[in-house]
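K.L.:
As input, take structure_35.csv (CSV, C-alpha atoms and all ligand atoms):
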```csv
chain,number,residue,atom,x,y,z
T,21,MET,CA,-35.4,-28.2,96.9
T,22,LYS,CA,-34.0,-24.9,95.8
T,23,THR,CA,-36.6,-24.6,93.0
T,24,THR,CA,-39.5,-25.4,95.4
T,25,GLY,CA,-38.3,-22.6,97.5
T,26,LEU,CA,-38.1,-20.4,94.4
T,27,TYR,CA,-41.7,-21.3,93.4
T,28,ALA,CA,-42.9,-20.5,96.9
T,29,LEU,CA,-41.2,-17.2,96.8
T,30,LEU,CA,-42.7,-16.4,93.4
T,31,CYS,CA,-46.1,-17.5,94.5
T,32,PHE,CA,-45.8,-15.4,97.6
T,33,SER,CA,-44.7,-12.4,95.6
T,34,LEU,CA,-47.6,-12.9,93.2
T,35,SER,CA,-50.1,-13.1,96.0
T,36,ILE,CA,-48.7,-9.9,97.4
T,37,PHE,CA,-48.9,-8.3,94.0
T,38,CYS,CA,-52.5,-9.5,93.5
T,39,LEU,CA,-53.5,-8.3,96.9
T,40,ALA,CA,-52.0,-4.9,96.2
T,41,GLU,CA,-53.7,-4.7,92.8
T,42,GLY,CA,-57.0,-5.7,94.5
T,43,VAL,CA,-56.6,-3.0,97.0
T,44,LYS,CA,-55.8,-0.6,94.2
T,45,LEU,CA,-59.0,-1.7,92.3
T,46,LYS,CA,-61.0,-1.3,95.4
T,47,ASP,CA,-59.6,2.2,95.8
T,48,VAL,CA,-60.6,3.1,92.3
T,49,LEU,CA,-64.1,1.9,92.9
T,50,ARG,CA,-64.3,3.7,96.2
T,51,LYS,CA,-63.1,6.8,94.5
T,52,ARG,CA,-65.7,6.5,91.8
T,53,ARG,CA,-68.4,6.0,94.5
T,54,GLN,CA,-67.0,9.1,96.3
T,55,SER,CA,-67.2,11.3,93.1
T,56,CYS,CA,-70.9,10.3,92.9
T,57,GLU,CA,-71.3,11.2,96.5
T,58,SER,CA,-74.2,13.5,95.8
T,59,GLY,CA,-76.0,10.7,93.8
T,60,THR,CA,-76.6,10.4,90.2
T,61,TYR,CA,-79.1,11.6,87.6
T,62,ARG,CA,-80.2,10.3,84.2
T,63,ASP,CA,-79.3,12.6,81.5
T,64,GLU,CA,-82.3,13.5,79.4
T,65,LYS,CA,-80.6,13.6,76.0
T,66,THR,CA,-78.2,10.6,76.3
T,67,GLY,CA,-80.2,8.6,78.8
T,68,VAL,CA,-76.9,7.8,80.6
T,69,GLU,CA,-76.8,7.8,84.4
T,70,CYS,CA,-74.2,10.3,85.5
T,71,CYS,CA,-72.9,11.7,88.8
T,72,ARG,CA,-74.5,15.0,89.8
T,73,CYS,CA,-72.6,18.3,89.6
T,74,PRO,CA,-71.9,19.8,93.1
T,75,ARG,CA,-73.4,23.0,94.5
T,76,GLY,CA,-72.5,26.1,92.5
T,77,TYR,CA,-72.1,24.1,89.3
T,78,TYR,CA,-74.2,23.1,86.3
T,79,VAL,CA,-73.8,20.3,83.8
T,80,GLN,CA,-72.1,21.7,80.7
T,81,SER,CA,-71.9,18.2,79.0
T,82,PRO,CA,-73.1,14.9,80.4
T,83,CYS,CA,-70.9,11.9,81.1
T,84,THR,CA,-70.3,9.4,78.4
T,85,ARG,CA,-70.4,6.1,80.4
T,86,ALA,CA,-72.6,5.2,83.3
T,87,GLY,CA,-71.5,6.4,86.7
T,88,GLY,CA,-69.1,8.9,85.0
T,89,ASP,CA,-68.6,12.5,85.9
T,90,PRO,CA,-70.2,15.1,83.6
T,91,LYS,CA,-68.4,18.2,82.7
T,92,CYS,CA,-69.4,20.7,85.4
T,93,GLU,CA,-69.1,24.5,85.1
T,94,LEU,CA,-69.4,27.1,87.9
T,95,CYS,CA,-72.5,29.3,87.8
T,96,THR,CA,-71.9,33.0,86.8
T,97,GLU,CA,-71.1,35.1,89.9
T,98,GLY,CA,-73.9,37.6,90.7
T,99,MET,CA,-76.0,36.3,87.9
T,100,SER,CA,-77.0,32.7,88.6
T,101,PHE,CA,-76.6,30.0,91.3
T,102,MET,CA,-77.2,26.4,92.2
T,103,ASP,CA,-77.7,25.8,95.9
T,104,ASP,CA,-77.9,22.0,95.5
T,105,PRO,CA,-76.0,19.2,93.7
T,106,ASN,CA,-77.8,18.8,90.4
T,107,GLY,CA,-78.0,17.5,86.9
T,108,LYS,CA,-79.3,20.7,85.4
T,109,ALA,CA,-78.0,22.2,82.2
T,110,THR,CA,-78.4,25.8,83.4
T,111,CYS,CA,-78.1,27.6,86.7
T,112,GLU,CA,-81.0,29.4,88.4
T,113,LEU,CA,-81.2,33.1,88.0
T,114,CYS,CA,-80.4,35.3,91.0
T,115,LEU,CA,-83.4,37.0,92.7
T,116,PRO,CA,-83.5,40.7,92.2
T,117,CYS,CA,-84.4,42.9,95.2
T,118,GLU,CA,-87.0,45.3,93.8
T,119,GLU,CA,-86.3,48.9,94.7
T,120,SER,CA,-89.9,49.8,93.8
T,121,ALA,CA,-91.1,47.2,96.4
T,122,ASN,CA,-88.9,48.9,99.1
T,123,ARG,CA,-86.4,46.1,99.1
T,124,GLU,CA,-82.6,46.1,99.1
T,125,VAL,CA,-79.8,43.5,98.9
T,126,TYR,CA,-78.9,42.0,102.3
T,127,LYS,CA,-76.7,39.2,101.0
T,128,LYS,CA,-75.3,39.2,97.4
T,129,CYS,CA,-76.0,36.3,95.1
T,130,THR,CA,-73.1,33.8,94.8
T,131,PRO,CA,-72.8,30.7,92.6
T,132,PHE,CA,-73.7,28.7,95.7
T,133,THR,CA,-76.5,30.8,97.2
T,134,ASN,CA,-79.4,33.0,96.0
T,135,THR,CA,-79.6,36.7,96.8
T,136,VAL,CA,-81.1,37.5,100.3
T,137,CYS,CA,-83.3,40.7,100.2
T,138,ARG,CA,-84.4,42.8,103.1
T,139,CYS,CA,-86.7,45.7,103.6
T,140,LYS,CA,-85.3,49.2,103.2
T,141,ASP,CA,-84.9,51.3,106.3
T,142,GLY,CA,-88.3,52.4,107.7
T,143,HIS,CA,-90.1,49.5,106.0
T,144,TYR,CA,-91.4,46.2,107.1
T,145,CYS,CA,-92.9,43.0,105.8
T,146,ASP,CA,-95.0,40.7,108.1
T,147,LYS,CA,-95.6,37.9,105.5
T,148,GLY,CA,-92.5,35.8,106.4
T,149,ASP,CA,-91.1,33.8,103.5
T,150,GLU,CA,-93.9,35.1,101.2
T,151,CYS,CA,-92.5,38.6,101.3
T,152,THR,CA,-92.1,40.2,97.9
T,153,ALA,CA,-92.7,43.8,99.0
T,154,CYS,CA,-92.2,45.9,102.1
T,155,TYR,CA,-94.5,48.7,103.5
T,156,ALA,CA,-93.6,52.0,105.1
T,157,CYS,CA,-93.7,51.8,108.9
T,158,ASP,CA,-96.5,53.9,110.6
T,159,THR,CA,-95.4,57.1,112.3
T,160,CYS,CA,-97.0,57.8,115.7
T,161,GLU,CA,-98.8,61.0,116.7
T,162,PHE,CA,-98.5,60.2,120.5
T,163,GLY,CA,-95.2,58.4,120.7
T,164,VAL,CA,-93.9,54.9,119.8
T,165,LYS,CA,-94.9,51.9,122.0
T,166,VAL,CA,-93.0,49.3,120.0
T,167,ALA,CA,-90.5,50.3,117.3
T,168,CYS,CA,-91.0,49.1,113.7
T,169,ASN,CA,-88.6,46.4,112.6
T,170,GLU,CA,-88.0,44.1,109.6
T,171,THR,CA,-91.0,41.9,110.4
T,172,SER,CA,-93.6,44.1,112.2
T,173,ASN,CA,-95.1,47.5,111.9
T,174,THR,CA,-94.8,50.2,114.6
T,175,VAL,CA,-97.1,50.0,117.6
T,176,CYS,CA,-98.1,53.5,118.6
T,177,GLU,CA,-98.7,54.8,122.2
T,178,GLY,CA,-102.2,55.6,123.5
T,179,LYS,CA,-103.8,56.6,120.2
T,180,THR,CA,-107.4,56.6,121.3
T,181,GLU,CA,-107.4,58.2,124.7
T,182,PRO,CA,-106.0,61.6,123.8
T,183,ASN,CA,-108.3,61.7,120.8
T,184,VAL,CA,-111.3,61.2,123.0
T,185,ALA,CA,-110.0,63.9,125.4
T,186,ALA,CA,-109.4,66.2,122.4
T,187,ILE,CA,-112.9,65.6,121.1
T,188,VAL,CA,-114.4,66.3,124.5
T,189,ALA,CA,-112.3,69.4,124.9
T,190,ALA,CA,-113.4,70.6,121.5
T,191,ILE,CA,-117.1,70.1,122.3
T,192,VAL,CA,-116.7,71.9,125.7
T,193,VAL,CA,-114.9,74.8,123.9
T,194,CYS,CA,-117.7,75.0,121.3
T,195,ILE,CA,-120.4,75.0,123.9
T,196,ALA,CA,-118.5,77.7,125.9
T,197,ILE,CA,-118.2,79.9,122.7
T,198,VAL,CA,-121.8,79.5,121.9
T,199,CYS,CA,-122.8,80.4,125.4
T,200,ILE,CA,-120.5,83.5,125.5
T,201,CYS,CA,-121.7,84.6,122.0
T,202,GLY,CA,-125.3,84.1,123.1
T,203,GLY,CA,-124.7,86.0,126.3
T,204,ILE,CA,-123.0,88.9,124.5
T,205,PHE,CA,-125.8,88.9,121.9
T,206,LEU,CA,-128.5,89.1,124.6
T,207,TRP,CA,-126.6,91.7,126.6
T,208,LYS,CA,-126.1,93.8,123.5
T,209,LYS,CA,-129.7,93.5,122.5
T,210,GLU,CA,-130.7,94.7,126.0
T,211,LYS,CA,-128.3,97.6,125.8
T,212,LEU,CA,-129.6,98.5,122.4
T,213,CYS,CA,-133.1,98.9,123.8
T,214,PHE,CA,-131.8,101.5,126.3
T,215,ARG,CA,-129.5,103.1,123.8
T,216,ARG,CA,-132.0,103.4,121.0
T,217,PRO,CA,-133.1,107.0,121.6
T,218,PRO,CA,-129.6,108.6,121.5
T,219,GLU,CA,-128.5,106.3,118.6
T,220,GLU,CA,-131.6,106.8,116.4
T,221,LYS,CA,-132.4,110.4,116.7
T,222,PRO,CA,-136.2,110.7,117.0
T,223,ILE,CA,-136.2,114.0,115.1
T,224,ASN,CA,-133.9,116.1,113.1
T,225,PRO,CA,-132.2,118.2,115.7
T,226,GLU,CA,-131.6,121.0,113.2
T,227,GLU,CA,-135.3,121.2,112.5
T,228,PHE,CA,-136.2,121.0,116.1
T,229,PRO,CA,-134.0,121.0,119.2
T,230,LEU,CA,-135.4,118.3,121.4
T,231,LEU,CA,-133.6,119.2,124.6
T,232,LYS,CA,-135.0,122.7,124.6
T,233,ASP,CA,-137.5,123.0,127.5
T,234,VAL,CA,-141.0,123.6,126.3
T,235,ASN,CA,-143.9,124.6,128.5
T,236,LEU,CA,-146.2,121.7,127.8
T,237,THR,CA,-149.2,123.0,129.8
T,238,GLY,CA,-151.1,124.2,126.7
T,239,PHE,CA,-150.4,121.1,124.7
T,240,LEU,CA,-151.4,118.5,127.4
T,241,PRO,CA,-155.0,118.0,126.2
T,242,GLU,CA,-153.9,117.5,122.6
T,243,ILE,CA,-151.0,115.2,123.6
T,244,ALA,CA,-153.3,113.2,125.9
T,245,GLN,CA,-155.8,112.8,123.1
T,246,LYS,CA,-153.0,111.6,120.7
T,247,LEU,CA,-151.5,109.2,123.2
T,248,GLY,CA,-154.5,107.5,124.8
T,249,LEU,CA,-154.7,106.1,128.3
T,250,GLN,CA,-152.6,103.0,127.9
T,251,VAL,CA,-149.6,104.9,126.4
T,252,VAL,CA,-149.8,107.6,129.1
T,253,LYS,CA,-149.9,104.9,131.8
T,254,ASP,CA,-146.8,103.2,130.3
T,255,VAL,CA,-144.9,106.5,130.1
T,256,THR,CA,-145.8,107.7,133.6
T,257,ARG,CA,-145.0,104.3,135.1
T,258,ARG,CA,-141.7,104.4,133.3
T,259,SER,CA,-140.7,107.8,134.7
T,260,GLN,CA,-141.5,106.6,138.2
T,261,MET,CA,-142.9,110.0,139.1
T,262,LEU,CA,-146.3,108.8,140.2
T,263,THR,CA,-147.0,106.2,142.8
T,264,ASP,CA,-149.4,103.3,142.1
T,265,VAL,CA,-151.8,104.9,144.6
T,266,GLU,CA,-151.7,108.2,142.8
T,267,MET,CA,-152.4,106.5,139.5
T,268,GLU,CA,-155.3,104.5,141.0
T,269,ASN,CA,-156.7,107.6,142.5
T,270,VAL,CA,-156.8,109.3,139.1
T,271,GLU,CA,-158.6,106.3,137.6
T,272,HIS,CA,-161.0,106.4,140.5
T,273,ASP,CA,-161.7,110.1,140.4
T,274,TYR,CA,-162.3,110.5,136.7
T,275,PRO,CA,-165.0,108.4,134.9
T,276,THR,CA,-163.8,108.5,131.3
T,277,ALA,CA,-160.6,107.3,129.8
T,278,GLU,CA,-160.1,110.6,128.1
T,279,GLU,CA,-160.2,112.5,131.4
T,280,GLN,CA,-158.0,109.9,133.1
T,281,THR,CA,-155.5,110.2,130.4
T,282,TYR,CA,-155.3,114.0,130.6
T,283,GLN,CA,-155.2,114.0,134.4
T,284,LEU,CA,-152.5,111.4,134.6
T,285,LEU,CA,-150.4,113.4,132.1
T,286,ARG,CA,-151.1,116.7,134.0
T,287,LEU,CA,-150.2,115.1,137.3
T,288,TRP,CA,-147.0,113.8,135.9
T,289,TYR,CA,-146.1,117.1,134.4
T,290,GLN,CA,-146.8,118.8,137.6
T,291,LYS,CA,-144.5,116.5,139.5
T,292,HIS,CA,-141.8,116.5,136.9
T,293,GLY,CA,-141.7,120.3,136.4
T,294,LEU,CA,-141.0,122.1,133.2
T,295,LYS,CA,-137.3,121.4,133.2
T,296,GLY,CA,-136.6,118.5,130.8
T,297,ALA,CA,-140.2,117.4,130.9
T,298,TYR,CA,-140.6,117.5,127.1
T,299,SER,CA,-137.5,115.5,126.3
T,300,THR,CA,-138.3,113.0,129.2
T,301,LEU,CA,-141.7,112.5,127.7
T,302,VAL,CA,-140.5,111.8,124.2
T,303,ASN,CA,-137.7,109.6,125.4
T,304,ASN,CA,-139.9,107.6,127.7
T,305,LEU,CA,-142.3,107.1,124.8
T,306,ILE,CA,-139.5,105.7,122.7
T,307,ARG,CA,-138.3,103.6,125.5
T,308,THR,CA,-141.7,102.1,126.1
T,309,ASP,CA,-141.9,101.2,122.4
T,310,HIS,CA,-144.3,104.0,121.4
T,311,ARG,CA,-142.4,105.5,118.5
T,312,LEU,CA,-145.4,106.7,116.6
T,313,PRO,CA,-146.8,108.6,119.6
T,314,ALA,CA,-143.4,110.1,120.2
T,315,ASP,CA,-143.3,111.4,116.7
T,316,GLN,CA,-146.8,112.7,117.0
T,317,VAL,CA,-145.9,114.6,120.2
T,318,GLN,CA,-142.9,116.2,118.5
T,319,GLN,CA,-145.1,117.1,115.6
T,320,ILE,CA,-147.6,118.9,117.9
T,321,ILE,CA,-144.8,120.9,119.5
T,322,LYS,CA,-143.1,121.6,116.1
T,323,GLU,CA,-146.3,122.9,114.5
T,324,ARG,CA,-147.0,125.2,117.4
T,325,ASN,CA,-143.4,126.5,117.4
T,326,GLN,CA,-143.6,127.2,113.7
T,327,SER,CA,-146.9,129.0,114.0
T,328,ALA,CA,-145.6,131.0,116.9
Q,1,LIG,C1,-89.8,42.7,115.7
Q,1,LIG,O1,-90.7,43.1,116.7
Q,1,LIG,C2,-91.6,42.1,117.2
Q,1,LIG,C3,-92.5,42.8,118.2
Q,1,LIG,O2,-93.0,44.0,117.7
Q,1,LIG,C4,-90.8,41.0,117.8
Q,1,LIG,O3,-91.7,40.0,118.1
Q,1,LIG,C5,-89.8,40.4,116.7
Q,1,LIG,O4,-89.0,39.5,117.4
Q,1,LIG,C6,-88.9,41.6,116.2
Q,1,LIG,N1,-88.1,41.0,115.2
Q,1,LIG,C7,-86.8,41.4,115.0
Q,1,LIG,C8,-86.1,40.8,113.8
Q,1,LIG,O5,-86.3,42.2,115.8
```
What does this structure look like when you write it as structure tokens?
P.N.:
Amino acid sequence: MKTTGLYALLCFSLSIFCLAEGVKLKDVLRKRRQSCESGTYRDEKTGVECCRCPRGYYVQSPCTRAGGDPKCELCTEGMSFMDDPNGKATCELCLPCEESANREVYKKCTPFTNTVCRCKDGHYCDKGDECTACYACDTCEFGVKVACNETSNTVCEGKTEPNVAAIVAAIVVCIAIVCICGGIFLWKKEKLCFRRPPEEKPINPEEFPLLKDVNLTGFLPEIAQKLGLQVVKDVTRRSQMLTDVEMENVEHDYPTAEEQTYQLLRLWYQKHGLKGAYSTLVNNLIRTDHRLPADQVQQIIKERNQSA
């Protein structure tokens, strides 16, 4: 009876032991499964299926039995990384942020994550994940509407309207300048016509003093002959000494142009009087664009003076 009890106890103990061992075995298996949490890979060289190395690590040497752990090594800080569990024999190289592409480091490379680059200040890139280079933000002439940021260029304020206004203003100014210049030119030209006699001396004053009063009476026939009817008409009309009626009367009273010329001249001289008559005659000739006759008149007076 006693031995039966003993066997029962033994068997019970054994069951307990077996149960415990079973649990232990289960635990080991579970642990193994846990270590292969990230799945397995088949090693290229050995052809054995190993657990993957976790993030940040690479396979330095593969496992020797199926489901085993390979020897995993950490990637080199700042040089290489692995951002996923893997069966790779080398880590990926860290991304450089190209200074020449206007990029700088935003997040440093770690064994677990690649570098994150960003645009340098005042630069943008609107190509999203494709960005490999950044471009300088536009500067605005008429103020910023929307500021430049990492992903979009500056939007400028009312660029076109002031330009149109400026162009219109420039055109208006140009037209005004042309008008003013044209006006001044015409005005000067007009002035020049009046000023010509004093500016361009008709004769050499040393040779002959124009302003000196000369008694023209004796010269009138010769002067009339030299000038002709039309010139004398122009000059007398210019001096406003004779009325239209007086001039018409002369034309009416004398049949030939020669006589009309002489009579007109004589009448004019009579009305004008000796004082300043000679210079008035010469000046009026010049003013009515009869330079040659003006010179001829002066020549007549000059010759007479010299012979006197
Ligand atoms: C950049 O600006 C645009 C509008 O110009 C806006 O839509 C976008 O959200 C901004 N991005 C950042 C990162 O601020």
K.L.:
Compare T:Pro74, T:Pro105, T:Gly67, T:Gly148 by their minimum atom-to-atom distance to ligand LIG 1 (chain Q), counting all atoms listed in the file, and give me the closest one.
P.N.:
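Under the stated criterion, the closest residue is T:Gly148.
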K.L.:
Restricting the calculation to all atoms listed in the file, which member of T:Leu113, T:Cys83, T:Cys73, T:Val164 is positioned closest to ligand LIG 1 (chain Q)?
P.N.:
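Of the candidates, the smallest distance to ligand LIG 1 (chain Q) is held by T:Val164.
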K.L.:
Taking only C-alpha atoms and all ligand atoms into account, produce a table as CSV in which each residue of chain T with an atom at most 8 Å from an atom of ligand LIG 1 (chain Q) appears once, together with its shortest atom pair and the distance in Å to one decimal, ordered by chain and rising number.
P.N.:
```
residue,atom,partner,partner_atom,distance
T:Val166,CA,Q:LIG1,O2,5.8
T:Ala167,CA,Q:LIG1,O2,6.8
T:Cys168,CA,Q:LIG1,O1,6.7
T:Asn169,CA,Q:LIG1,C1,5.0
T:Glu170,CA,Q:LIG1,C8,5.7
T:Thr171,CA,Q:LIG1,C1,5.5
T:Ser172,CA,Q:LIG1,C1,5.4
T:Asn173,CA,Q:LIG1,O2,7.1
T:Thr174,CA,Q:LIG1,O2,7.2
T:Val175,CA,Q:LIG1,O2,7.3
```
K.L.:
Between CA of Val188 in chain T and CA of Asp158 in chain T, what is the distance in Å, rounded to a tenth?
P.N.:
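Answer for the CA of Val188 in chain T to CA of Asp158 in chain T separation: 25.8 Å.
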K.L.:
Using all atoms listed in the file, which residue out of T:Pro275, T:Gly76, T:Pro82, T:Gly202 lies closest to Glu64 in chain T?
P.N.:
T:Pro82
K.L.:
Can you list, as a VMD selection string, every protein, DNA or RNA residue that comes within 8 Å of Trp288 in chain T when you count all atoms listed in the file, leaving out same-chain residues fewer than 6 positions away?
P.N.:
chain T and resid 256 261 to 262
K.L.:
If you keep C-alpha atoms, can you produce a file of those selected residues as a short mmCIF file (atom, residue, chain, number, x, y, z; two decimals), in the coordinates of the input?
P.N.:
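Output (part27.cif):
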```
data_model
loop_
_atom_site.label_atom_id
_atom_site.label_comp_id
_atom_site.auth_asym_id
_atom_site.auth_seq_id
_atom_site.Cartn_x
_atom_site.Cartn_y
_atom_site.Cartn_z
CA THR T 256 -145.80 107.70 133.60
CA MET T 261 -142.90 110.00 139.10
CA LEU T 262 -146.30 108.80 140.20
#
```
K.L.:
Leaving out range 296-301 of chain T and any residue of its chain fewer than 6 positions from it, which residues lie within 10 Å of it when counting all atoms listed in the file, given as a PyMOL selection string?
P.N.:
chain T and resi 229-236+252+255-256+258-259+285+288-290+307+314+317-318+321
K.L.:
Figure out the distance between CA of Asn183 in chain T and CA of Ile197 in chain T, please, to one decimal in Å.
P.N.:
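These atoms are spaced 20.8 Å apart.
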K.L.:
Using all atoms listed in the file, which protein or nucleic acid residues come within 8 Å of Gln245 in chain T? Drop anything in the same chain fewer than 5 positions from it, and give the result as a ChimeraX atom specification.
P.N.:
/T:278,281-282
K.L.:
Taking (-77.9, 21.0, 93.5) as a centre in this file's frame and 12 Å as the limit, can you find every polymer residue with an atom that close, using all atoms listed in the file, and give them as JSON, numbers by chain?
P.N.:
{"T": [58, 59, 60, 61, 71, 72, 73, 74, 75, 76, 77, 78, 79, 92, 94, 95, 101, 102, 103, 104, 105, 106, 107, 108, 109, 110, 111, 112, 131, 132, 133]}
K.L.:
Between CA of Thr152 in chain T and CA of Ala121 in chain T, measure the distance and give it in Å to one decimal.
P.N.:
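Those two atoms sit 7.2 Å apart.
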